[in-house]
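This is structure.pdb. It holds PDB, C-alpha atoms and all ligand atoms.
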```pdb
ATOM      1  CA  MET A  30      35.599  92.814  67.452
ATOM      2  CA  PRO A  31      36.750  92.726  71.064
ATOM      3  CA  THR A  32      39.646  90.356  71.517
ATOM      4  CA  SER A  33      37.899  88.805  74.499
ATOM      5  CA  TYR A  34      35.346  87.406  72.088
ATOM      6  CA  GLN A  35      37.837  85.669  69.770
ATOM      7  CA  SER A  36      36.727  82.140  69.094
ATOM      8  CA  PRO A  37      38.769  79.381  70.724
ATOM      9  CA  MET A  38      41.266  77.449  68.626
ATOM     10  CA  ARG A  39      40.893  74.269  70.654
ATOM     11  CA  ARG A  40      39.220  71.376  68.830
ATOM     12  CA  ASP A  41      39.456  68.695  71.495
ATOM     13  CA  LYS A  42      36.522  66.512  72.204
ATOM     14  CA  PRO A  43      34.696  67.290  75.458
ATOM     15  CA  ALA A  44      35.241  65.041  78.469
ATOM     16  CA  ASP A  45      31.661  63.845  78.613
ATOM     17  CA  GLY A  46      28.764  63.697  76.210
ATOM     18  CA  SER A  47      26.486  66.180  77.937
ATOM     19  CA  LYS A  48      24.565  68.668  75.823
ATOM     20  CA  SER A  49      26.395  71.743  77.074
ATOM     21  CA  GLN A  50      29.812  70.105  76.697
ATOM     22  CA  SER A  51      29.191  69.518  73.011
ATOM     23  CA  VAL A  52      29.285  73.218  72.146
ATOM     24  CA  THR A  53      33.103  73.282  72.092
ATOM     25  CA  VAL A  54      33.484  70.732  69.349
ATOM     26  CA  GLN A  55      34.849  72.298  66.141
ATOM     27  CA  GLU A  56      33.538  75.737  67.038
ATOM     28  CA  GLN A  57      36.447  77.870  65.982
ATOM     29  CA  ASN A  58      34.053  80.554  64.867
ATOM     30  CA  PRO A  59      30.643  79.572  66.249
ATOM     31  CA  THR A  60      27.606  80.423  64.190
ATOM     32  CA  VAL A  61      23.935  81.005  64.837
ATOM     33  CA  ALA A  62      23.305  77.399  63.754
ATOM     34  CA  ASN A  63      25.732  76.138  66.451
ATOM     35  CA  LEU A  64      23.795  78.088  69.067
ATOM     36  CA  LEU A  65      20.384  76.938  67.828
ATOM     37  CA  ALA A  66      21.609  73.326  67.920
ATOM     38  CA  VAL A  67      21.919  73.737  71.689
ATOM     39  CA  LYS A  68      19.073  76.164  72.352
ATOM     40  CA  GLY A  69      16.468  74.820  69.943
ATOM     41  CA  GLY A  70      14.370  76.653  67.394
ATOM     42  CA  SER A  71      11.389  77.839  69.401
ATOM     43  CA  VAL A  72      10.020  81.200  68.295
ATOM     44  CA  PHE A  73       7.145  82.738  70.206
ATOM     45  CA  SER A  74       4.899  84.911  68.096
ATOM     46  CA  ILE A  75       1.807  87.062  68.239
ATOM     47  CA  LYS A  76      -0.514  88.598  65.639
ATOM     48  CA  PRO A  77      -0.689  92.354  64.935
ATOM     49  CA  ASN A  78      -4.374  92.503  65.882
ATOM     50  CA  GLU A  79      -3.820  91.105  69.371
ATOM     51  CA  THR A  80      -3.636  93.489  72.317
ATOM     52  CA  LEU A  81      -0.654  94.501  74.406
ATOM     53  CA  GLY A  82      -2.516  92.908  77.322
ATOM     54  CA  ARG A  83      -2.305  89.569  75.518
ATOM     55  CA  ALA A  84       1.346  90.232  74.650
ATOM     56  CA  VAL A  85       2.379  90.822  78.269
ATOM     57  CA  GLU A  86       0.690  87.552  79.257
ATOM     58  CA  GLU A  87       2.619  85.761  76.515
ATOM     59  CA  LEU A  88       5.912  87.374  77.581
ATOM     60  CA  ARG A  89       5.236  86.284  81.153
ATOM     61  CA  ASP A  90       4.173  82.735  80.305
ATOM     62  CA  ARG A  91       7.001  82.090  77.807
ATOM     63  CA  HIS A  92       9.672  83.708  79.982
ATOM     64  CA  VAL A  93      10.948  85.807  77.073
ATOM     65  CA  GLY A  94      11.597  89.502  76.496
ATOM     66  CA  ALA A  95      10.272  89.821  72.959
ATOM     67  CA  LEU A  96       7.758  88.295  70.565
ATOM     68  CA  VAL A  97       7.963  88.207  66.813
ATOM     69  CA  VAL A  98       4.843  89.520  65.131
ATOM     70  CA  THR A  99       3.614  87.448  62.212
ATOM     71  CA  ASP A 100       0.802  88.075  59.743
ATOM     72  CA  ASP A 101      -1.862  85.563  58.733
ATOM     73  CA  THR A 102       0.516  83.900  56.267
ATOM     74  CA  GLY A 103       3.115  83.432  59.003
ATOM     75  CA  ALA A 104       5.401  86.077  57.476
ATOM     76  CA  LEU A 105       7.437  88.293  59.760
ATOM     77  CA  ALA A 106       5.601  91.609  60.253
ATOM     78  CA  GLY A 107       7.471  93.079  63.211
ATOM     79  CA  ILE A 108       8.941  92.540  66.656
ATOM     80  CA  LEU A 109       7.541  93.601  70.016
ATOM     81  CA  SER A 110       9.837  93.737  73.018
ATOM     82  CA  GLU A 111       9.143  94.496  76.649
ATOM     83  CA  ARG A 112      10.921  97.799  76.049
ATOM     84  CA  ASP A 113       8.262  98.853  73.514
ATOM     85  CA  ILE A 114       5.562  98.129  76.081
ATOM     86  CA  VAL A 115       7.352 100.000  78.876
ATOM     87  CA  ARG A 116       7.712 103.057  76.624
ATOM     88  CA  LYS A 117       4.028 102.898  75.731
ATOM     89  CA  LEU A 118       3.091 102.577  79.401
ATOM     90  CA  ALA A 119       4.943 105.833  80.057
ATOM     91  CA  ASP A 120       3.369 107.560  77.030
ATOM     92  CA  THR A 121      -0.230 106.407  77.585
ATOM     93  CA  PRO A 122      -0.658 105.669  81.298
ATOM     94  CA  GLY A 123      -3.761 103.644  82.089
ATOM     95  CA  GLN A 124      -4.599 103.161  78.396
ATOM     96  CA  THR A 125      -1.839 100.895  77.188
ATOM     97  CA  LEU A 126      -2.950  97.290  77.510
ATOM     98  CA  PRO A 127      -5.946  97.521  75.108
ATOM     99  CA  GLN A 128      -3.744  98.887  72.290
ATOM    100  CA  ARG A 129      -2.918  96.762  69.241
ATOM    101  CA  VAL A 130       0.423  95.017  68.941
ATOM    102  CA  GLY A 131       0.662  96.169  65.308
ATOM    103  CA  ASP A 132       0.546  99.824  66.394
ATOM    104  CA  VAL A 133       3.391  99.480  68.904
ATOM    105  CA  MET A 134       5.783  96.918  67.371
ATOM    106  CA  THR A 135       8.965  97.751  65.468
ATOM    107  CA  GLN A 136       8.199  97.085  61.814
ATOM    108  CA  ASN A 137      11.683  97.069  60.341
ATOM    109  CA  VAL A 138      13.013  93.840  61.820
ATOM    110  CA  ILE A 139      16.703  93.071  61.545
ATOM    111  CA  THR A 140      17.298  89.349  61.151
ATOM    112  CA  CYS A 141      20.206  86.965  60.801
ATOM    113  CA  GLY A 142      20.760  83.664  59.027
ATOM    114  CA  PRO A 143      21.966  80.368  60.500
ATOM    115  CA  SER A 144      25.441  80.612  58.951
ATOM    116  CA  GLU A 145      26.242  84.043  60.416
ATOM    117  CA  PRO A 146      29.039  84.015  63.031
ATOM    118  CA  LEU A 147      27.818  84.792  66.547
ATOM    119  CA  VAL A 148      30.423  87.510  66.895
ATOM    120  CA  SER A 149      28.843  89.338  63.961
ATOM    121  CA  VAL A 150      25.347  88.966  65.425
ATOM    122  CA  LEU A 151      26.605  90.274  68.762
ATOM    123  CA  LYS A 152      28.133  93.326  67.089
ATOM    124  CA  ARG A 153      24.975  94.099  65.123
ATOM    125  CA  MET A 154      22.823  93.828  68.256
ATOM    126  CA  THR A 155      25.223  95.970  70.286
ATOM    127  CA  ASP A 156      25.509  98.624  67.568
ATOM    128  CA  GLY A 157      21.737  98.641  66.994
ATOM    129  CA  ARG A 158      20.935  98.673  70.730
ATOM    130  CA  PHE A 159      18.546  95.742  70.643
ATOM    131  CA  ARG A 160      18.798  92.349  72.299
ATOM    132  CA  HIS A 161      16.772  90.059  70.058
ATOM    133  CA  MET A 162      17.490  88.745  66.568
ATOM    134  CA  PRO A 163      15.045  86.450  64.750
ATOM    135  CA  VAL A 164      16.778  83.810  62.636
ATOM    136  CA  VAL A 165      15.425  83.417  59.107
ATOM    137  CA  GLU A 166      16.278  80.802  56.507
ATOM    138  CA  ASN A 167      14.566  80.692  53.112
ATOM    139  CA  GLU A 168      12.038  83.257  54.391
ATOM    140  CA  THR A 169      11.094  80.951  57.275
ATOM    141  CA  LEU A 170      11.613  81.742  60.958
ATOM    142  CA  ILE A 171      13.832  79.061  62.433
ATOM    143  CA  GLY A 172      14.776  80.540  65.802
ATOM    144  CA  MET A 173      15.495  83.542  67.979
ATOM    145  CA  VAL A 174      18.903  84.588  69.278
ATOM    146  CA  THR A 175      19.325  86.995  72.184
ATOM    147  CA  ILE A 176      22.393  88.800  73.470
ATOM    148  CA  GLY A 177      22.079  86.638  76.568
ATOM    149  CA  ASP A 178      22.200  83.463  74.462
ATOM    150  CA  VAL A 179      25.377  84.585  72.687
ATOM    151  CA  ILE A 180      27.147  85.513  75.914
ATOM    152  CA  ASN A 181      26.030  82.306  77.571
ATOM    153  CA  HIS A 182      27.313  80.269  74.620
ATOM    154  CA  ARG A 183      30.720  81.947  74.842
ATOM    155  CA  LEU A 184      30.912  81.539  78.632
ATOM    156  CA  THR A 185      30.142  77.837  78.289
ATOM    157  CA  GLN A 186      32.968  77.488  75.778
ATOM    158  CA  LEU A 187      35.361  79.243  78.147
ATOM    159  CA  GLU A 188      34.311  76.970  81.013
ATOM    160  CA  HIS A 189      35.019  73.901  78.900
ATOM    161  CA  GLU A 190      38.404  75.218  77.858
ATOM    162  CA  ALA A 191      39.297  75.902  81.506
ATOM    163  CA  LEU A 192      38.127  72.424  82.520
ATOM    164  CA  HIS A 193      40.142  70.822  79.756
ATOM    165  CA  LEU A 194      43.283  72.759  80.677
ATOM    166  CA  LYS A 195      42.814  71.732  84.323
ATOM    167  CA  GLN A 196      42.535  68.092  83.270
ATOM    168  CA  LEU A 197      45.733  68.409  81.207
ATOM    169  CA  ILE A 198      47.595  69.861  84.205
ATOM    170  CA  THR A 199      46.308  67.388  86.788
ATOM    171  CA  GLY A 200      46.576  64.413  84.426
TER     172      GLY A 200
HETATM  173  P1  LIG B 301      15.220  94.857  72.924
HETATM  174  O1  LIG B 301      16.514  95.428  73.420
HETATM  175  O2  LIG B 301      15.437  93.675  72.029
HETATM  176  O3  LIG B 301      14.233  94.600  74.024
HETATM  177  O4  LIG B 301      14.544  95.927  71.970
HETATM  178  C1  LIG B 301      14.808  97.314  71.998
HETATM  179  C2  LIG B 301      14.069  97.972  70.825
HETATM  180  O5  LIG B 301      14.568  97.413  69.592
HETATM  181  C3  LIG B 301      12.565  97.737  70.792
HETATM  182  O6  LIG B 301      11.956  98.883  70.221
HETATM  183  C4  LIG B 301      12.387  96.547  69.864
HETATM  184  O7  LIG B 301      11.141  96.524  69.192
HETATM  185  C5  LIG B 301      13.514  96.762  68.884
HETATM  186  N1  LIG B 301      14.061  95.514  68.387
HETATM  187  C6  LIG B 301      14.347  94.403  69.084
HETATM  188  N2  LIG B 301      14.860  93.462  68.303
HETATM  189  C7  LIG B 301      14.919  93.978  67.059
HETATM  190  C8  LIG B 301      15.344  93.490  65.785
HETATM  191  N3  LIG B 301      15.860  92.269  65.629
HETATM  192  N4  LIG B 301      15.227  94.312  64.708
HETATM  193  C9  LIG B 301      14.731  95.560  64.852
HETATM  194  N5  LIG B 301      14.315  96.086  66.022
HETATM  195  C10 LIG B 301      14.412  95.309  67.114
END
```

Show me this structure written as structure tokens.
Ligand code: AMP
Amino acid sequence: MPTSYQSPMRRDKPADGSKSQSVTVQEQNPTVANLLAVKGGSVFSIKPNETLGRAVEELRDRHVGALVVTDDTGALAGILSERDIVRKLADTPGQTLPQRVGDVMTQNVITCGPSEPLVSVLKRMTDGRFRHMPVVENETLIGMVTIGDVINHRLTQLEHEALHLKQLITG
């Protein structure tokens, strides 16, 4: 674990009650649940029988880089990221958008649970070279964490620590 990602020891209450300020409270070792409490639990999904054309529209409209693929029971069947579509565009130029999501998605999805520390999720995503991690609890999808979310969460914590230190110095 890089030392720059060590969780802060500070437990002080934030100066105001804003949503972003609240992330510093008692987050010595922030977890996926801490992040989802700020981000929310939206998960954007698509069915295996839908086309890549439909998937790119969904990626555009939802402003996300990946969709989870769920079967008719709602169970996780795969994940489709913009990277999968770019690769397919290179492999099958001019014939990509009509293809089925289920034929292009990654089937073996790596997931995390809400109690997992963010630093562990970040390491697994970095080591596995992917940027999206669906969050599953009791076999139910409860959110999606991205590398960007984790870094943003940490940066926000650092900003709050710096602000607090500044307030201590200036009185
Ligand atoms: P990404 O960096 O997330 O855009 O994805 C890079 C590659 O990893 C793509 O082939 C994705 O389908 C795959 N991928 C993304 N997230 C996961 C995940 N949580 N588990 C397994 N594969 C993934």

Open item on the list: Between atom CA of A:Ala84 and atom CA of A:Ser110, what is the distance in Å, rounded to a tenth?
Closed with: 9.3 Å

Identify the residues within 9 Å of coordinate (33.0, 79.4, 63.4) (same frame as the file), considering all atoms listed in the file, and give the answer as a compact mmCIF listing (two decimals) with C-alpha atoms, in the frame of the given file.
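Result file selection14.txt:
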```
# COMPACT_ATOMS: atom_id res chain seq x y z
CA SER A 36 36.73 82.14 69.09
CA GLN A 55 34.85 72.30 66.14
CA GLU A 56 33.54 75.74 67.04
CA GLN A 57 36.45 77.87 65.98
CA ASN A 58 34.05 80.55 64.87
CA PRO A 59 30.64 79.57 66.25
CA THR A 60 27.61 80.42 64.19
CA ASN A 63 25.73 76.14 66.45
CA SER A 144 25.44 80.61 58.95
CA GLU A 145 26.24 84.04 60.42
CA PRO A 146 29.04 84.02 63.03
CA LEU A 147 27.82 84.79 66.55
```

- [ ] Go through the shown structure with the PyMOL selection byres (((not hetatm)) within 12 of (chain B and resi 301)) and write out the matching residues as a PyMOL selection string.
- [x] chain A and resi 88+93-98+105-117+130-142+150-151+153-165+172-177

- [ ] Provide the atom CA of A:Ala66 to atom CA of A:Val179 distance in Å, to one decimal place.
- [x] 12.8 Å

Open item on the list: From the options A:Ile171, A:Val148, A:Leu194, A:Arg129, which residue's atoms come nearest to A:Ser71, counting all atoms listed in the file?
Closed with: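 Of A:Ile171, A:Val148, A:Leu194, A:Arg129, the one nearest A:Ser71 is A:Ile171, counting all atoms listed in the file.
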
Task: From A:Thr199, A:Gln128, A:Asn78, A:Thr169, residue lying nearest A:Asp100 [only C-alpha atoms] - done: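 Among the listed residues, A:Asn78 lies closest to A:Asp100.
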
Open item on the list: Which residue is closest to A:Ser74? Choose from A:His182, A:Arg91, A:His189, A:Lys152 and count only C-alpha atoms.
Closed with: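 For A:Ser74, the nearest of the given residues is A:Arg91.
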
TODO: Kindly give the distance, in Å, that separates atom CA of A:Leu170 and atom CA of A:Leu65, rounded to a single decimal.
DONE: 12.1 Å

Is it possible to get the axis-aligned box enclosing stretch 102-110 of chain A (all listed atoms, 5 Å extra per side) as AutoDock Vina command-line options, with centre and edge lengths in Å rounded to one decimal?
```
--center_x 5.2 --center_y 88.6 --center_z 64.6 --size_x 19.3 --size_y 20.3 --size_z 26.8
```

Please complete stretch 55-66 of chain A so it has all heavy atoms, and hand it over as a PDB file, keeping the file's coordinate frame.
```pdb
ATOM      1  N   GLN A  55      34.681  71.670  67.448  1.00  0.00           N
ATOM      2  CA  GLN A  55      34.849  72.298  66.141  1.00  0.00           C
ATOM      3  C   GLN A  55      34.145  73.634  66.032  1.00  0.00           C
ATOM      4  O   GLN A  55      33.603  73.976  64.998  1.00  0.00           O
ATOM      5  CB  GLN A  55      34.357  71.349  65.050  1.00  0.00           C
ATOM      6  CG  GLN A  55      35.209  70.094  64.993  1.00  0.00           C
ATOM      7  CD  GLN A  55      34.852  69.230  63.822  1.00  0.00           C
ATOM      8  OE1 GLN A  55      33.842  69.427  63.177  1.00  0.00           O
ATOM      9  NE2 GLN A  55      35.681  68.255  63.539  1.00  0.00           N
ATOM     10  N   GLU A  56      34.145  74.415  67.104  1.00  0.00           N
ATOM     11  CA  GLU A  56      33.538  75.737  67.038  1.00  0.00           C
ATOM     12  C   GLU A  56      34.623  76.796  67.095  1.00  0.00           C
ATOM     13  O   GLU A  56      34.744  77.534  68.053  1.00  0.00           O
ATOM     14  CB  GLU A  56      32.515  75.927  68.155  1.00  0.00           C
ATOM     15  CG  GLU A  56      31.237  75.188  67.897  1.00  0.00           C
ATOM     16  CD  GLU A  56      30.122  75.560  68.846  1.00  0.00           C
ATOM     17  OE1 GLU A  56      30.211  76.614  69.489  1.00  0.00           O
ATOM     18  OE2 GLU A  56      29.179  74.788  68.960  1.00  0.00           O
ATOM     19  N   GLN A  57      35.423  76.836  66.050  1.00  0.00           N
ATOM     20  CA  GLN A  57      36.447  77.870  65.982  1.00  0.00           C
ATOM     21  C   GLN A  57      35.803  79.233  65.861  1.00  0.00           C
ATOM     22  O   GLN A  57      36.264  80.199  66.428  1.00  0.00           O
ATOM     23  CB  GLN A  57      37.335  77.631  64.772  1.00  0.00           C
ATOM     24  CG  GLN A  57      38.417  76.623  65.024  1.00  0.00           C
ATOM     25  CD  GLN A  57      39.460  76.676  63.930  1.00  0.00           C
ATOM     26  OE1 GLN A  57      39.152  76.957  62.772  1.00  0.00           O
ATOM     27  NE2 GLN A  57      40.685  76.410  64.290  1.00  0.00           N
ATOM     28  N   ASN A  58      34.761  79.292  65.084  1.00  0.00           N
ATOM     29  CA  ASN A  58      34.053  80.554  64.867  1.00  0.00           C
ATOM     30  C   ASN A  58      32.562  80.236  64.912  1.00  0.00           C
ATOM     31  O   ASN A  58      31.924  80.097  63.887  1.00  0.00           O
ATOM     32  CB  ASN A  58      34.460  81.142  63.509  1.00  0.00           C
ATOM     33  CG  ASN A  58      33.921  82.534  63.333  1.00  0.00           C
ATOM     34  OD1 ASN A  58      33.471  83.172  64.286  1.00  0.00           O
ATOM     35  ND2 ASN A  58      33.930  83.017  62.108  1.00  0.00           N
ATOM     36  N   PRO A  59      32.007  80.089  66.119  1.00  0.00           N
ATOM     37  CA  PRO A  59      30.643  79.572  66.249  1.00  0.00           C
ATOM     38  C   PRO A  59      29.617  80.435  65.525  1.00  0.00           C
ATOM     39  O   PRO A  59      29.729  81.658  65.480  1.00  0.00           O
ATOM     40  CB  PRO A  59      30.400  79.548  67.751  1.00  0.00           C
ATOM     41  CG  PRO A  59      31.474  80.342  68.368  1.00  0.00           C
ATOM     42  CD  PRO A  59      32.614  80.376  67.421  1.00  0.00           C
ATOM     43  N   THR A  60      28.645  79.751  64.972  1.00  0.00           N
ATOM     44  CA  THR A  60      27.606  80.423  64.190  1.00  0.00           C
ATOM     45  C   THR A  60      26.266  80.348  64.913  1.00  0.00           C
ATOM     46  O   THR A  60      26.112  79.654  65.914  1.00  0.00           O
ATOM     47  CB  THR A  60      27.437  79.738  62.825  1.00  0.00           C
ATOM     48  OG1 THR A  60      26.993  78.389  63.076  1.00  0.00           O
ATOM     49  CG2 THR A  60      28.718  79.729  62.032  1.00  0.00           C
ATOM     50  N   VAL A  61      25.313  81.041  64.334  1.00  0.00           N
ATOM     51  CA  VAL A  61      23.935  81.005  64.837  1.00  0.00           C
ATOM     52  C   VAL A  61      23.429  79.558  64.847  1.00  0.00           C
ATOM     53  O   VAL A  61      22.767  79.134  65.795  1.00  0.00           O
ATOM     54  CB  VAL A  61      23.048  81.906  63.958  1.00  0.00           C
ATOM     55  CG1 VAL A  61      21.579  81.692  64.256  1.00  0.00           C
ATOM     56  CG2 VAL A  61      23.440  83.372  64.141  1.00  0.00           C
ATOM     57  N   ALA A  62      23.763  78.793  63.815  1.00  0.00           N
ATOM     58  CA  ALA A  62      23.305  77.399  63.754  1.00  0.00           C
ATOM     59  C   ALA A  62      23.864  76.595  64.925  1.00  0.00           C
ATOM     60  O   ALA A  62      23.161  75.747  65.492  1.00  0.00           O
ATOM     61  CB  ALA A  62      23.724  76.770  62.425  1.00  0.00           C
ATOM     62  N   ASN A  63      25.133  76.836  65.311  1.00  0.00           N
ATOM     63  CA  ASN A  63      25.732  76.138  66.451  1.00  0.00           C
ATOM     64  C   ASN A  63      24.925  76.442  67.719  1.00  0.00           C
ATOM     65  O   ASN A  63      24.660  75.553  68.529  1.00  0.00           O
ATOM     66  CB  ASN A  63      27.184  76.573  66.679  1.00  0.00           C
ATOM     67  CG  ASN A  63      28.104  76.130  65.565  1.00  0.00           C
ATOM     68  OD1 ASN A  63      28.953  76.891  65.121  1.00  0.00           O
ATOM     69  ND2 ASN A  63      27.943  74.904  65.095  1.00  0.00           N
ATOM     70  N   LEU A  64      24.554  77.698  67.871  1.00  0.00           N
ATOM     71  CA  LEU A  64      23.795  78.088  69.067  1.00  0.00           C
ATOM     72  C   LEU A  64      22.398  77.458  69.064  1.00  0.00           C
ATOM     73  O   LEU A  64      21.942  76.906  70.072  1.00  0.00           O
ATOM     74  CB  LEU A  64      23.700  79.613  69.148  1.00  0.00           C
ATOM     75  CG  LEU A  64      23.188  80.205  70.454  1.00  0.00           C
ATOM     76  CD1 LEU A  64      23.713  81.623  70.633  1.00  0.00           C
ATOM     77  CD2 LEU A  64      21.680  80.218  70.541  1.00  0.00           C
ATOM     78  N   LEU A  65      21.738  77.502  67.901  1.00  0.00           N
ATOM     79  CA  LEU A  65      20.384  76.938  67.828  1.00  0.00           C
ATOM     80  C   LEU A  65      20.395  75.428  68.050  1.00  0.00           C
ATOM     81  O   LEU A  65      19.409  74.864  68.547  1.00  0.00           O
ATOM     82  CB  LEU A  65      19.728  77.267  66.485  1.00  0.00           C
ATOM     83  CG  LEU A  65      19.361  78.737  66.249  1.00  0.00           C
ATOM     84  CD1 LEU A  65      18.603  78.877  64.927  1.00  0.00           C
ATOM     85  CD2 LEU A  65      18.545  79.316  67.382  1.00  0.00           C
ATOM     86  N   ALA A  66      21.515  74.770  67.703  1.00  0.00           N
ATOM     87  CA  ALA A  66      21.609  73.326  67.920  1.00  0.00           C
ATOM     88  C   ALA A  66      21.537  73.004  69.410  1.00  0.00           C
ATOM     89  O   ALA A  66      21.078  71.935  69.805  1.00  0.00           O
ATOM     90  CB  ALA A  66      22.907  72.791  67.327  1.00  0.00           C
TER      91      ALA A  66
END
```
